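Participant: If it helps, the file is called upload-v2.cif and holds mmCIF, C-alpha atoms:
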```cif
data_coords
loop_
_atom_site.label_atom_id
_atom_site.label_comp_id
_atom_site.auth_asym_id
_atom_site.auth_seq_id
_atom_site.Cartn_x
_atom_site.Cartn_y
_atom_site.Cartn_z
CA MET A 1 24.91 5.22 31.23
CA LYS A 2 25.96 5.85 34.82
CA LYS A 3 28.05 3.02 36.29
CA LYS A 4 28.79 2.08 39.90
CA ILE A 5 32.49 2.24 40.76
CA LEU A 6 34.24 1.40 44.02
CA VAL A 7 37.67 2.91 44.71
CA LEU A 8 39.67 1.02 47.34
CA GLY A 9 41.93 3.58 48.97
CA ALA A 10 41.41 7.29 49.71
CA GLY A 11 45.00 8.50 49.57
CA HIS A 12 46.12 11.29 47.27
CA VAL A 13 45.95 9.10 44.17
CA GLY A 14 42.78 7.20 45.07
CA SER A 15 40.95 10.44 45.85
CA THR A 16 42.07 11.96 42.55
CA ILE A 17 40.78 8.93 40.65
CA ALA A 18 37.47 9.03 42.51
CA ILE A 19 36.88 12.71 41.80
CA ASP A 20 37.83 12.33 38.14
CA LEU A 21 35.50 9.36 37.63
CA LYS A 22 32.71 11.22 39.41
CA ASN A 23 33.26 14.17 37.07
CA ASN A 24 32.81 11.71 34.20
CA GLY A 25 29.28 11.03 35.42
CA HIS A 26 29.77 7.75 37.30
CA GLU A 27 28.40 6.81 40.71
CA VAL A 28 31.53 6.56 42.84
CA SER A 29 32.12 5.11 46.30
CA VAL A 30 35.43 5.15 48.17
CA MET A 31 36.54 2.80 50.94
CA ASP A 32 39.44 3.28 53.34
CA ILE A 33 40.27 2.14 56.85
CA ASN A 34 41.23 5.71 57.78
CA PRO A 35 38.27 8.13 58.05
CA GLU A 36 40.45 11.25 57.73
CA PRO A 37 41.10 11.15 53.95
CA LEU A 38 37.50 10.06 53.38
CA SER A 39 36.29 13.22 55.13
CA LYS A 40 38.11 15.37 52.56
CA LEU A 41 36.16 13.96 49.62
CA PRO A 42 33.15 15.88 48.23
CA GLY A 43 30.46 14.57 50.60
CA ASN A 44 27.45 15.17 48.39
CA ASP A 45 29.00 13.63 45.30
CA ILE A 46 30.99 10.61 46.49
CA SER A 47 29.85 7.94 48.94
CA THR A 48 32.40 6.92 51.56
CA LEU A 49 32.83 3.76 53.59
CA THR A 50 35.23 3.23 56.47
CA GLY A 51 36.38 -0.36 56.52
CA ASP A 52 39.15 -2.93 56.42
CA PHE A 53 40.28 -4.23 53.02
CA THR A 54 40.60 -7.71 54.52
CA SER A 55 37.02 -7.82 55.81
CA PRO A 56 34.80 -10.66 54.44
CA LEU A 57 32.02 -8.07 54.10
CA LEU A 58 33.99 -6.36 51.33
CA ILE A 59 33.00 -9.07 48.85
CA LYS A 60 29.29 -8.30 49.21
CA TYR A 61 29.99 -4.64 48.53
CA ILE A 62 32.21 -5.45 45.54
CA GLU A 63 29.50 -7.62 43.99
CA GLU A 64 27.22 -4.58 43.73
CA MET A 65 29.72 -2.71 41.55
CA ASP A 66 30.32 -2.46 37.81
CA LEU A 67 34.03 -1.76 38.33
CA VAL A 68 36.56 -1.75 41.17
CA VAL A 69 39.62 0.52 41.28
CA GLY A 70 42.50 -0.69 43.43
CA ALA A 71 44.38 2.22 45.00
CA ALA A 72 45.49 0.50 48.19
CA PRO A 73 49.05 0.10 49.49
CA GLY A 74 51.04 -2.56 47.67
CA ARG A 75 50.85 -5.09 50.51
CA PHE A 76 47.09 -5.38 49.93
CA GLY A 77 47.15 -5.28 46.11
CA PHE A 78 47.51 -8.92 45.10
CA GLN A 79 44.92 -10.27 47.55
CA LEU A 80 42.45 -7.57 46.55
CA MET A 81 42.93 -8.49 42.90
CA LYS A 82 42.18 -12.13 43.74
CA ARG A 83 39.06 -11.21 45.71
CA VAL A 84 37.69 -8.95 42.98
CA ILE A 85 38.31 -11.61 40.34
CA GLU A 86 36.49 -14.21 42.45
CA ALA A 87 33.56 -11.79 42.74
CA GLY A 88 33.44 -11.65 38.92
CA ILE A 89 33.94 -7.87 38.69
CA ASN A 90 36.28 -5.98 36.35
CA MET A 91 39.14 -4.06 37.93
CA VAL A 92 41.88 -1.53 37.30
CA ASP A 93 44.69 -1.28 39.84
CA ILE A 94 47.64 0.97 40.69
CA SER A 95 49.04 -0.90 43.70
CA PHE A 96 52.72 -1.76 43.29
CA CYS A 97 52.34 -5.29 44.66
CA SER A 98 55.39 -7.53 44.95
CA GLU A 99 53.59 -10.63 43.68
CA ASP A 100 53.32 -11.62 40.01
CA TYR A 101 49.78 -10.65 39.04
CA LEU A 102 50.15 -12.44 35.68
CA GLU A 103 49.57 -15.64 37.66
CA LEU A 104 45.93 -14.54 38.00
CA ASP A 105 45.32 -14.54 34.24
CA GLY A 106 43.83 -18.03 34.04
CA ARG A 107 41.36 -17.47 36.87
CA ALA A 108 40.38 -14.06 35.51
CA ARG A 109 39.55 -15.66 32.16
CA GLU A 110 37.53 -18.37 33.88
CA LYS A 111 35.52 -15.70 35.70
CA ASN A 112 35.15 -13.61 32.50
CA VAL A 113 36.92 -10.71 34.22
CA THR A 114 39.26 -8.02 32.91
CA LEU A 115 42.02 -6.87 35.26
CA ILE A 116 44.27 -3.99 34.20
CA PRO A 117 47.08 -3.78 36.81
CA ASP A 118 49.98 -1.33 37.20
CA ILE A 119 47.99 1.34 35.38
CA GLY A 120 49.65 4.48 36.73
CA VAL A 121 52.49 6.66 35.48
CA ALA A 122 55.41 4.22 35.83
CA PRO A 123 54.55 1.46 35.52
CA GLY A 124 51.56 2.49 33.45
CA ILE A 125 51.69 5.15 30.76
CA CYS A 126 55.32 4.26 29.96
CA ASN A 127 54.18 0.66 29.27
CA ILE A 128 51.44 1.97 27.01
CA ILE A 129 53.97 4.02 25.05
CA LEU A 130 56.25 1.01 24.62
CA GLY A 131 53.34 -1.22 23.63
CA PHE A 132 52.29 1.27 20.97
CA HIS A 133 55.72 1.55 19.37
CA ASN A 134 56.34 -2.18 19.64
CA ALA A 135 53.27 -2.67 17.45
CA HIS A 136 54.63 -0.29 14.80
CA MET A 137 58.37 -0.88 14.76
CA GLN A 138 61.16 -3.19 15.88
CA VAL A 139 62.10 -1.83 19.29
CA ASP A 140 65.70 -2.67 20.19
CA SER A 141 66.07 -0.48 23.27
CA TYR A 142 63.69 0.94 25.86
CA LYS A 143 64.64 3.12 28.82
CA CYS A 144 62.38 4.91 31.27
CA VAL A 145 63.66 7.31 33.92
CA VAL A 146 61.04 8.73 36.26
CA GLY A 147 60.61 10.48 39.57
CA GLY A 148 58.34 12.67 41.66
CA LEU A 149 60.08 15.40 43.65
CA PRO A 150 59.40 18.61 45.58
CA ILE A 151 60.28 21.77 43.70
CA LYS A 152 61.91 23.16 46.85
CA ARG A 153 64.81 21.04 48.08
CA GLU A 154 64.58 20.86 51.86
CA TRP A 155 67.09 19.16 54.15
CA PRO A 156 67.39 16.38 55.19
CA LEU A 157 65.45 14.25 52.69
CA GLU A 158 64.71 16.54 49.71
CA TYR A 159 61.73 14.30 49.00
CA LYS A 160 57.95 14.10 49.39
CA ALA A 161 55.73 11.09 48.71
CA SER A 162 52.09 11.13 47.65
CA TRP A 163 51.74 7.40 48.27
CA SER A 164 52.44 4.78 50.93
CA PRO A 165 55.88 5.20 52.60
CA ALA A 166 56.25 1.41 52.83
CA ASP A 167 55.77 1.15 49.06
CA VAL A 168 58.36 3.89 48.48
CA ILE A 169 60.84 2.12 50.75
CA GLU A 170 60.33 -1.10 48.81
CA GLU A 171 61.81 0.66 45.78
CA TYR A 172 65.02 0.95 47.80
CA THR A 173 65.16 -2.73 48.74
CA ARG A 174 63.57 -4.80 45.97
CA PRO A 175 66.22 -6.14 43.53
CA ALA A 176 66.04 -4.41 40.15
CA ARG A 177 65.55 -6.51 37.03
CA PHE A 178 66.37 -5.29 33.53
CA LYS A 179 67.37 -6.73 30.14
CA GLU A 180 70.64 -6.46 28.27
CA HIS A 181 71.11 -8.19 24.91
CA GLY A 182 68.09 -10.39 25.55
CA LYS A 183 69.16 -11.58 29.01
CA ILE A 184 67.44 -10.65 32.27
CA ILE A 185 69.91 -9.20 34.76
CA THR A 186 69.25 -8.60 38.45
CA LYS A 187 71.10 -6.02 40.52
CA PRO A 188 70.44 -4.46 43.92
CA ALA A 189 68.12 -1.48 44.05
CA LEU A 190 69.97 1.85 44.13
CA SER A 191 72.77 0.40 41.96
CA ASP A 192 74.40 1.97 38.89
CA ASN A 193 73.60 5.49 40.05
CA GLU A 194 74.71 8.27 37.73
CA LEU A 195 73.85 11.87 36.99
CA ILE A 196 71.49 12.89 34.20
CA THR A 197 70.38 16.33 33.02
CA ILE A 198 66.74 16.80 32.02
CA ASP A 199 65.02 20.14 31.31
CA PRO A 200 63.49 22.02 32.97
CA VAL A 201 64.80 20.57 36.26
CA GLY A 202 68.52 20.24 35.52
CA THR A 203 70.79 17.61 37.06
CA LEU A 204 69.23 14.62 38.80
CA GLU A 205 70.49 11.24 39.96
CA GLU A 206 69.20 8.02 38.39
CA TRP A 207 69.49 4.48 39.78
CA ASN A 208 68.21 0.99 39.04
CA SER A 209 64.70 0.21 40.24
CA ASP A 210 62.41 -2.75 39.63
CA GLY A 211 59.82 -1.08 37.42
CA LEU A 212 59.75 -3.21 34.28
CA ARG A 213 57.54 -5.87 35.92
CA SER A 214 55.20 -7.40 33.28
CA LEU A 215 57.30 -6.08 30.38
CA LEU A 216 59.92 -8.75 31.08
CA LYS A 217 57.35 -11.41 30.13
CA THR A 218 54.94 -9.74 27.71
CA LEU A 219 57.53 -8.23 25.35
CA PRO A 220 60.22 -10.92 25.06
CA ASP A 221 61.43 -9.66 21.67
CA VAL A 222 62.69 -6.33 23.04
CA PRO A 223 66.34 -7.15 23.90
CA ASN A 224 67.22 -4.10 25.99
CA MET A 225 64.90 -2.65 28.63
CA ILE A 226 65.56 -0.74 31.83
CA GLU A 227 63.80 1.57 34.27
CA LYS A 228 65.56 3.95 36.63
CA THR A 229 64.22 6.18 39.38
CA LEU A 230 65.15 9.86 39.63
CA ARG A 231 66.03 11.76 42.79
CA TYR A 232 68.04 14.87 43.63
CA PRO A 233 71.83 14.26 43.57
CA GLY A 234 73.16 12.79 46.79
CA THR A 235 69.98 10.94 47.72
CA VAL A 236 71.24 7.47 46.85
CA GLU A 237 74.12 7.58 49.33
CA TYR A 238 72.00 8.22 52.41
CA LEU A 239 69.40 5.66 51.25
CA LYS A 240 72.14 3.04 50.98
CA VAL A 241 73.33 3.90 54.48
CA LEU A 242 69.83 3.49 55.93
CA ARG A 243 69.30 0.26 54.05
CA GLU A 244 72.60 -1.27 55.12
CA LEU A 245 71.99 -0.32 58.74
CA GLY A 246 68.73 -2.26 58.65
CA TYR A 247 66.20 0.56 58.82
CA PHE A 248 64.30 -0.88 55.84
CA SER A 249 64.28 -4.49 57.07
CA ASP A 250 60.99 -6.33 57.59
CA GLN A 251 62.61 -8.79 60.01
CA GLU A 252 61.41 -8.21 63.57
CA ILE A 253 63.90 -7.20 66.25
CA ASN A 254 63.58 -7.03 70.03
CA VAL A 255 63.45 -3.48 71.40
CA ASN A 256 62.99 -3.30 75.16
CA GLY A 257 61.04 -6.54 75.15
CA LYS A 258 58.83 -5.61 72.20
CA MET A 259 59.14 -7.13 68.74
CA ILE A 260 59.03 -4.53 65.97
CA LYS A 261 59.87 -4.38 62.29
CA PRO A 262 62.42 -1.63 61.49
CA LEU A 263 60.50 -1.07 58.24
CA ASP A 264 57.31 -0.20 60.15
CA LEU A 265 59.17 2.24 62.40
CA SER A 266 60.95 3.87 59.44
CA ALA A 267 57.69 4.21 57.50
CA ALA A 268 56.00 5.83 60.50
CA LEU A 269 58.87 8.26 61.03
CA LEU A 270 59.17 9.13 57.35
CA LEU A 271 55.43 9.59 56.87
CA LYS A 272 55.44 13.01 58.52
CA SER A 273 58.54 14.22 56.68
CA TRP A 274 57.41 12.87 53.32
CA GLN A 275 53.77 13.94 53.50
CA PRO A 276 53.09 16.88 51.15
CA ASP A 277 50.90 19.71 52.42
CA GLU A 278 49.20 22.66 50.80
CA LYS A 279 52.37 24.79 50.75
CA ASP A 280 54.40 22.13 48.93
CA ARG A 281 54.78 22.29 45.17
CA GLU A 282 56.02 19.12 43.55
CA PHE A 283 56.56 17.79 40.08
CA THR A 284 56.66 14.56 38.11
CA ILE A 285 59.38 14.10 35.54
CA MET A 286 59.72 11.20 33.14
CA ARG A 287 61.66 10.44 30.00
CA VAL A 288 60.92 7.40 27.85
CA THR A 289 63.50 6.65 25.14
CA LEU A 290 62.89 4.03 22.45
CA GLU A 291 65.32 3.06 19.70
CA GLY A 292 65.01 0.59 16.87
CA LEU A 293 64.00 0.10 13.24
CA GLU A 294 60.96 1.68 11.65
CA ASN A 295 60.38 1.12 7.94
CA ASN A 296 63.94 -0.27 7.77
CA ARG A 297 65.41 2.95 9.17
CA LYS A 298 67.02 3.57 12.55
CA VAL A 299 64.88 5.83 14.69
CA LYS A 300 64.78 7.17 18.22
CA TYR A 301 61.65 8.40 20.00
CA ILE A 302 61.87 10.44 23.17
CA TYR A 303 58.79 11.14 25.30
CA ASP A 304 59.37 13.86 27.90
CA LEU A 305 56.84 14.55 30.65
CA TYR A 306 57.05 17.37 33.15
CA ASP A 307 54.02 18.06 35.30
CA GLU A 308 53.51 20.20 38.41
CA TYR A 309 51.05 20.35 41.29
CA ASP A 310 47.75 21.83 40.09
CA LYS A 311 46.90 24.73 42.40
CA LYS A 312 43.49 25.25 40.83
CA THR A 313 42.26 21.77 41.72
CA ASP A 314 44.68 21.28 44.66
CA THR A 315 45.95 18.05 43.09
CA LEU A 316 49.48 16.73 43.47
CA SER A 317 51.31 16.05 40.23
CA MET A 318 52.04 12.41 41.05
CA ALA A 319 48.34 11.95 41.85
CA ARG A 320 47.44 13.61 38.52
CA THR A 321 49.80 11.62 36.33
CA THR A 322 49.08 8.32 38.08
CA GLY A 323 45.40 8.85 38.75
CA TYR A 324 44.35 10.18 35.36
CA THR A 325 46.10 7.32 33.56
CA CYS A 326 44.18 4.92 35.78
CA SER A 327 40.82 6.64 35.28
CA ALA A 328 41.41 6.71 31.51
CA ALA A 329 41.76 2.91 31.57
CA ALA A 330 38.73 2.67 33.87
CA ASN A 331 36.64 4.57 31.33
CA LEU A 332 37.90 2.39 28.48
CA LEU A 333 36.83 -0.65 30.44
CA ILE A 334 33.53 0.48 31.89
CA THR A 335 32.24 1.89 28.59
CA GLY A 336 32.95 -1.41 26.83
CA MET A 337 35.60 0.04 24.53
CA TYR A 338 38.12 -2.41 25.98
CA SER A 339 36.79 -5.94 26.34
CA ARG A 340 39.75 -8.31 26.41
CA LYS A 341 39.46 -10.77 29.30
CA GLY A 342 42.12 -11.91 31.72
CA VAL A 343 45.03 -9.96 33.19
CA CYS A 344 45.85 -7.13 30.78
CA PRO A 345 49.00 -5.15 31.66
CA PRO A 346 49.13 -1.55 30.34
CA GLU A 347 51.26 -2.48 27.32
CA TYR A 348 48.25 -4.41 25.97
CA LEU A 349 46.37 -1.11 25.70
CA GLY A 350 49.26 0.43 23.79
CA ASN A 351 49.14 -2.36 21.20
CA ASN A 352 45.94 -0.83 19.84
CA ASP A 353 46.07 2.61 18.18
CA GLU A 354 42.58 3.55 19.36
CA TYR A 355 43.30 2.80 23.01
CA PHE A 356 46.69 4.53 22.85
CA ARG A 357 45.18 7.71 21.39
CA TYR A 358 42.32 7.61 23.89
CA VAL A 359 44.64 7.50 26.90
CA MET A 360 47.01 10.15 25.53
CA ASN A 361 44.10 12.46 24.67
CA TYR A 362 42.54 11.83 28.10
CA LEU A 363 45.77 12.98 29.76
CA GLU A 364 46.12 15.95 27.44
CA GLU A 365 42.58 17.11 28.28
CA ARG A 366 43.72 17.22 31.91
CA ASP A 367 46.88 19.14 30.98
CA VAL A 368 49.23 16.18 31.41
CA ASN A 369 51.33 16.65 28.29
CA PHE A 370 54.22 14.83 26.64
CA LYS A 371 56.80 16.45 24.42
CA ILE A 372 57.57 13.89 21.71
CA THR A 373 60.81 14.03 19.75
CA LYS A 374 61.76 11.81 16.81
CA GLU A 375 65.37 11.51 15.68
#
```
Kindly present the structure from the file in structure tokens form.
Facilitator:
Amino acid sequence: MKKKILVLGAGHVGSTIAIDLKNNGHEVSVMDINPEPLSKLPGNDISTLTGDFTSPLLIKYIEEMDLVVGAAPGRFGFQLMKRVIEAGINMVDISFCSEDYLELDGRAREKNVTLIPDIGVAPGICNIILGFHNAHMQVDSYKCVVGGLPIKREWPLEYKASWSPADVIEEYTRPARFKEHGKIITKPALSDNELITIDPVGTLEEWNSDGLRSLLKTLPDVPNMIEKTLRYPGTVEYLKVLRELGYFSDQEINVNGKMIKPLDLSAALLLKSWQPDEKDREFTIMRVTLEGLENNRKVKYIYDLYDEYDKKTDTLSMARTTGYTCSAAANLLITGMYSRKGVCPPEYLGNNDEYFRYVMNYLEERDVNFKITKE
């Protein structure tokens, strides 16, 4: 049965989700404050609406939907989740909001709503993988390293971003939390950088980032967990310089009598340099390593993902890996296969074999493939 779905955000990832859900036979609408990305969507197949995510009129539109997909910048994510819950509508969300969305669990249950947040690539599919193995073995160690990079390294940044520059910058400033021997440790972002070699790319640089999020609360029995971000070697040093000089600060400063946030200026300047275009080829690379006991034997599982821009569909890799994971969860939810109420982080999907296989098969059908090694 055709369902009505509203996607909030028409960026690279939001548009990919919208098109994929439309191809699954749903009636899809997309809302964004910027008419330019909306104009690039298939006009006859997807309805578009130009509007502000903070508008009171949004609630009336949400109430007409069977499902809402949050693909807005992180600064809007938490408030949008609250508004959708209050409207009594189910939601999946990819926004990397800074707030703790688990605080919304009680209200979501009261409203009989299911919210699946952080359902992208990382966080997202890596959580699902950990949730699956945690249900089948004693996981002692979990590590995820992940990054999205241009295939061609171009000076000065050697980087492209398919999502909000402000959200990318937050990765460089938000303190990174991880677990060692059962204790939560906090270090500055960009810390503990070291080189790592992963095929088929070669040598990359990894550093601490705050990507564990819900895992720190939902899987308390896993004593060692960490996520690190991947960039080309040398990137961390210039990011540290920019951060220490204040370019990523959200504290307003006076410039010729005008108060501005350095973060806003940096995001605006970086947007042009980071924005991929049709000539750019980029890739997503991720390695998830799990170690522990399975049937009383020590085991190690390694999940390797390497995915490139899809020329045939003109879809960026980061949009593919993030968007298709999200639309897989959306289909689980809107078809009634997944019915748990409250806030349900991605690892909850992994706890169930059927949901885990569904998501992995969904990605495989779209040529997003993991190489799985067991040692």
Participant: Run the PyMOL selection byres ((chain A and resi 114) around 12) mentally over the shown coordinates, then write out the matched residues as a ChimeraX atom specification, using the chain letters and numbers from the document.
Facilitator: /A:66-69,81-82,84-93,104-113,115-117,329-330,332-334,336,338-345,348
Participant: I would like the residues chosen by the PyMOL selection byres ((chain A and resi 8) around 12) on the shown file; could you give them as a PyMOL selection string?
Facilitator: chain A and resi 5-7+9-11+13-15+17-18+28-34+38+48-54+58+61-62+67-74+76-77+80-81+84+91-95
Participant: Hey, can you spit out that residue selection with C-alpha atoms as a PDB file, in the coordinates of the input?
Facilitator:
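The result, written out as again.pdb:
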```pdb
ATOM      1  CA  ILE A   5      32.490   2.240  40.760  1.00  0.00           C
ATOM      2  CA  LEU A   6      34.240   1.400  44.020  1.00  0.00           C
ATOM      3  CA  VAL A   7      37.670   2.910  44.710  1.00  0.00           C
ATOM      4  CA  GLY A   9      41.930   3.580  48.970  1.00  0.00           C
ATOM      5  CA  ALA A  10      41.410   7.290  49.710  1.00  0.00           C
ATOM      6  CA  GLY A  11      45.000   8.500  49.570  1.00  0.00           C
ATOM      7  CA  VAL A  13      45.950   9.100  44.170  1.00  0.00           C
ATOM      8  CA  GLY A  14      42.780   7.200  45.070  1.00  0.00           C
ATOM      9  CA  SER A  15      40.950  10.440  45.850  1.00  0.00           C
ATOM     10  CA  ILE A  17      40.780   8.930  40.650  1.00  0.00           C
ATOM     11  CA  ALA A  18      37.470   9.030  42.510  1.00  0.00           C
ATOM     12  CA  VAL A  28      31.530   6.560  42.840  1.00  0.00           C
ATOM     13  CA  SER A  29      32.120   5.110  46.300  1.00  0.00           C
ATOM     14  CA  VAL A  30      35.430   5.150  48.170  1.00  0.00           C
ATOM     15  CA  MET A  31      36.540   2.800  50.940  1.00  0.00           C
ATOM     16  CA  ASP A  32      39.440   3.280  53.340  1.00  0.00           C
ATOM     17  CA  ILE A  33      40.270   2.140  56.850  1.00  0.00           C
ATOM     18  CA  ASN A  34      41.230   5.710  57.780  1.00  0.00           C
ATOM     19  CA  LEU A  38      37.500  10.060  53.380  1.00  0.00           C
ATOM     20  CA  THR A  48      32.400   6.920  51.560  1.00  0.00           C
ATOM     21  CA  LEU A  49      32.830   3.760  53.590  1.00  0.00           C
ATOM     22  CA  THR A  50      35.230   3.230  56.470  1.00  0.00           C
ATOM     23  CA  GLY A  51      36.380  -0.360  56.520  1.00  0.00           C
ATOM     24  CA  ASP A  52      39.150  -2.930  56.420  1.00  0.00           C
ATOM     25  CA  PHE A  53      40.280  -4.230  53.020  1.00  0.00           C
ATOM     26  CA  THR A  54      40.600  -7.710  54.520  1.00  0.00           C
ATOM     27  CA  LEU A  58      33.990  -6.360  51.330  1.00  0.00           C
ATOM     28  CA  TYR A  61      29.990  -4.640  48.530  1.00  0.00           C
ATOM     29  CA  ILE A  62      32.210  -5.450  45.540  1.00  0.00           C
ATOM     30  CA  LEU A  67      34.030  -1.760  38.330  1.00  0.00           C
ATOM     31  CA  VAL A  68      36.560  -1.750  41.170  1.00  0.00           C
ATOM     32  CA  VAL A  69      39.620   0.520  41.280  1.00  0.00           C
ATOM     33  CA  GLY A  70      42.500  -0.690  43.430  1.00  0.00           C
ATOM     34  CA  ALA A  71      44.380   2.220  45.000  1.00  0.00           C
ATOM     35  CA  ALA A  72      45.490   0.500  48.190  1.00  0.00           C
ATOM     36  CA  PRO A  73      49.050   0.100  49.490  1.00  0.00           C
ATOM     37  CA  GLY A  74      51.040  -2.560  47.670  1.00  0.00           C
ATOM     38  CA  PHE A  76      47.090  -5.380  49.930  1.00  0.00           C
ATOM     39  CA  GLY A  77      47.150  -5.280  46.110  1.00  0.00           C
ATOM     40  CA  LEU A  80      42.450  -7.570  46.550  1.00  0.00           C
ATOM     41  CA  MET A  81      42.930  -8.490  42.900  1.00  0.00           C
ATOM     42  CA  VAL A  84      37.690  -8.950  42.980  1.00  0.00           C
ATOM     43  CA  MET A  91      39.140  -4.060  37.930  1.00  0.00           C
ATOM     44  CA  VAL A  92      41.880  -1.530  37.300  1.00  0.00           C
ATOM     45  CA  ASP A  93      44.690  -1.280  39.840  1.00  0.00           C
ATOM     46  CA  ILE A  94      47.640   0.970  40.690  1.00  0.00           C
ATOM     47  CA  SER A  95      49.040  -0.900  43.700  1.00  0.00           C
TER      48      SER A  95
END
```
Participant: Might you pull out every residue within 10 Å of Glu227 in chain A, with only C-alpha atoms counted and same-chain residues fewer than 2 positions away left off, and present them as a PyMOL selection string?
Facilitator: chain A and resi 122-123+126+142-146+176-179+206-213+225+229-230+288
Participant: Pick out the residues sitting within 10 Å of His12 in chain A, and hand them over as JSON, numbers by chain; count only C-alpha atoms, and ignore anything fewer than 4 positions along from it in its own chain.
Facilitator: {"A": [16, 17, 37, 71, 161, 162, 163, 164, 276, 315, 316, 317, 318, 319, 320, 323]}
Participant: Nearest to Leu215 in chain A among A:Leu263, A:Ile128, A:Leu190, A:Leu245, with distances taken over all atoms listed in the file: which residue is it?
Facilitator: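 The shortest atom-to-atom distance to Leu215 in chain A comes from A:Ile128.
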Participant: On this structure, the PyMOL selection byres ((chain A and resi 166) around 8) would catch which residues? List them as an MDAnalysis selection string, sorted by chain and number.
Facilitator: chainID A and resid 164:165 167:170 263:264 267
Participant: At what distance in Å, to one decimal, does CA of Val368 in chain A lie from CA of Asp353 in chain A?
Facilitator: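 Distance reported for this atom pair: 19.2 Å.
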Participant: Which value, in Å to one decimal, gives the distance between CA of Asp20 in chain A and CA of Ser327 in chain A?
Facilitator: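 Computed distance, CA of Asp20 in chain A to CA of Ser327 in chain A, equals 7.0 Å.
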Participant: Given only C-alpha atoms as the basis, pick out the residue of A:Met286, A:Val241, A:Leu265, A:Ile125 nearest to Val359 in chain A.
Facilitator: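 Result for the nearest residue to Val359 in chain A: A:Ile125.
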Participant: Which polymer residues have any atom within 10 Å of an atom of Gln251 in chain A, counting only C-alpha atoms, with same-chain residues fewer than 4 positions away left out, as a PyMOL selection string?
Facilitator: chain A and resi 246+259-263
Participant: At what distance in Å, to one decimal, does CA of Ser141 in chain A lie from CA of Leu363 in chain A?
Facilitator: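 Value for the CA of Leu363 in chain A-CA of Ser141 in chain A distance: 25.2 Å.
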Participant: Which residues are near Met360 in chain A? Cut-off 9 Å, all atoms listed in the file, ignore same chain within fewer than 2 positions. Put them as a PyMOL selection string.
Facilitator: chain A and resi 125+325+328+355-358+362-365+368-370
Participant: Output the selection as a PDB file, in the frame of the given file - C-alpha atoms for each residue.
Facilitator:
```pdb
ATOM      1  CA  ILE A 125      51.690   5.150  30.760  1.00  0.00           C
ATOM      2  CA  THR A 325      46.100   7.320  33.560  1.00  0.00           C
ATOM      3  CA  ALA A 328      41.410   6.710  31.510  1.00  0.00           C
ATOM      4  CA  TYR A 355      43.300   2.800  23.010  1.00  0.00           C
ATOM      5  CA  PHE A 356      46.690   4.530  22.850  1.00  0.00           C
ATOM      6  CA  ARG A 357      45.180   7.710  21.390  1.00  0.00           C
ATOM      7  CA  TYR A 358      42.320   7.610  23.890  1.00  0.00           C
ATOM      8  CA  TYR A 362      42.540  11.830  28.100  1.00  0.00           C
ATOM      9  CA  LEU A 363      45.770  12.980  29.760  1.00  0.00           C
ATOM     10  CA  GLU A 364      46.120  15.950  27.440  1.00  0.00           C
ATOM     11  CA  GLU A 365      42.580  17.110  28.280  1.00  0.00           C
ATOM     12  CA  VAL A 368      49.230  16.180  31.410  1.00  0.00           C
ATOM     13  CA  ASN A 369      51.330  16.650  28.290  1.00  0.00           C
ATOM     14  CA  PHE A 370      54.220  14.830  26.640  1.00  0.00           C
TER      15      PHE A 370
END
```
Participant: Using only C-alpha atoms, which of A:His133, A:Arg231, A:Lys374, A:Lys60 sits nearest Lys160 in chain A?
Facilitator: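 Under the stated criterion, the closest residue is A:Arg231.
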Participant: Quick one: of A:Leu216, A:Leu57, A:Ile46, A:Ile198, who's nearest to Tyr303 in chain A, counting all atoms listed in the file?
Facilitator: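 Nearest to Tyr303 in chain A: A:Ile198.
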Participant: Would you please work out which residue, of A:Pro188, A:Pro156, A:Pro200, A:Pro223, is nearest to Glu171 in chain A when using all atoms listed in the file?
Facilitator: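 Closest residue, counting all atoms listed in the file: A:Pro188.
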Participant: Please put the answer as AutoDock Vina command-line options: centre and edge lengths, in Å with one decimal, of a box along x, y and z that encloses all listed atoms of range 358-362 of chain A plus 5 Å on each side.
Facilitator:
```
--center_x 44.7 --center_y 10.0 --center_z 26.0 --size_x 14.7 --size_y 15.0 --size_z 14.2
```
Participant: Emit a file covering range 44-50 of chain A of the preceding structure with N, CA and C atoms, as a PDB file, in the first residue's frame.
Facilitator:
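Final output, saved to result-v8.pdb:
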```pdb
ATOM      1  N   ASN A  44       7.819  15.397 -11.725  1.00  0.00           N
ATOM      2  CA  ASN A  44       6.554  14.687 -11.888  1.00  0.00           C
ATOM      3  C   ASN A  44       6.347  13.586 -10.857  1.00  0.00           C
ATOM      4  N   ASP A  45       7.408  13.220 -10.175  1.00  0.00           N
ATOM      5  CA  ASP A  45       7.338  12.078  -9.262  1.00  0.00           C
ATOM      6  C   ASP A  45       7.357  12.468  -7.795  1.00  0.00           C
ATOM      7  N   ILE A  46       7.988  13.588  -7.465  1.00  0.00           N
ATOM      8  CA  ILE A  46       8.164  13.983  -6.071  1.00  0.00           C
ATOM      9  C   ILE A  46       7.639  15.403  -5.881  1.00  0.00           C
ATOM     10  N   SER A  47       6.756  15.574  -4.911  1.00  0.00           N
ATOM     11  CA  SER A  47       6.232  16.899  -4.592  1.00  0.00           C
ATOM     12  C   SER A  47       7.272  17.677  -3.796  1.00  0.00           C
ATOM     13  N   THR A  48       7.358  18.963  -4.044  1.00  0.00           N
ATOM     14  CA  THR A  48       8.332  19.794  -3.327  1.00  0.00           C
ATOM     15  C   THR A  48       7.635  20.959  -2.644  1.00  0.00           C
ATOM     16  N   LEU A  49       8.227  21.392  -1.546  1.00  0.00           N
ATOM     17  CA  LEU A  49       7.678  22.481  -0.754  1.00  0.00           C
ATOM     18  C   LEU A  49       8.825  23.330  -0.236  1.00  0.00           C
ATOM     19  N   THR A  50       8.823  24.604  -0.558  1.00  0.00           N
ATOM     20  CA  THR A  50       9.831  25.516  -0.042  1.00  0.00           C
ATOM     21  C   THR A  50       9.329  26.103   1.266  1.00  0.00           C
TER      22      THR A  50
END
```
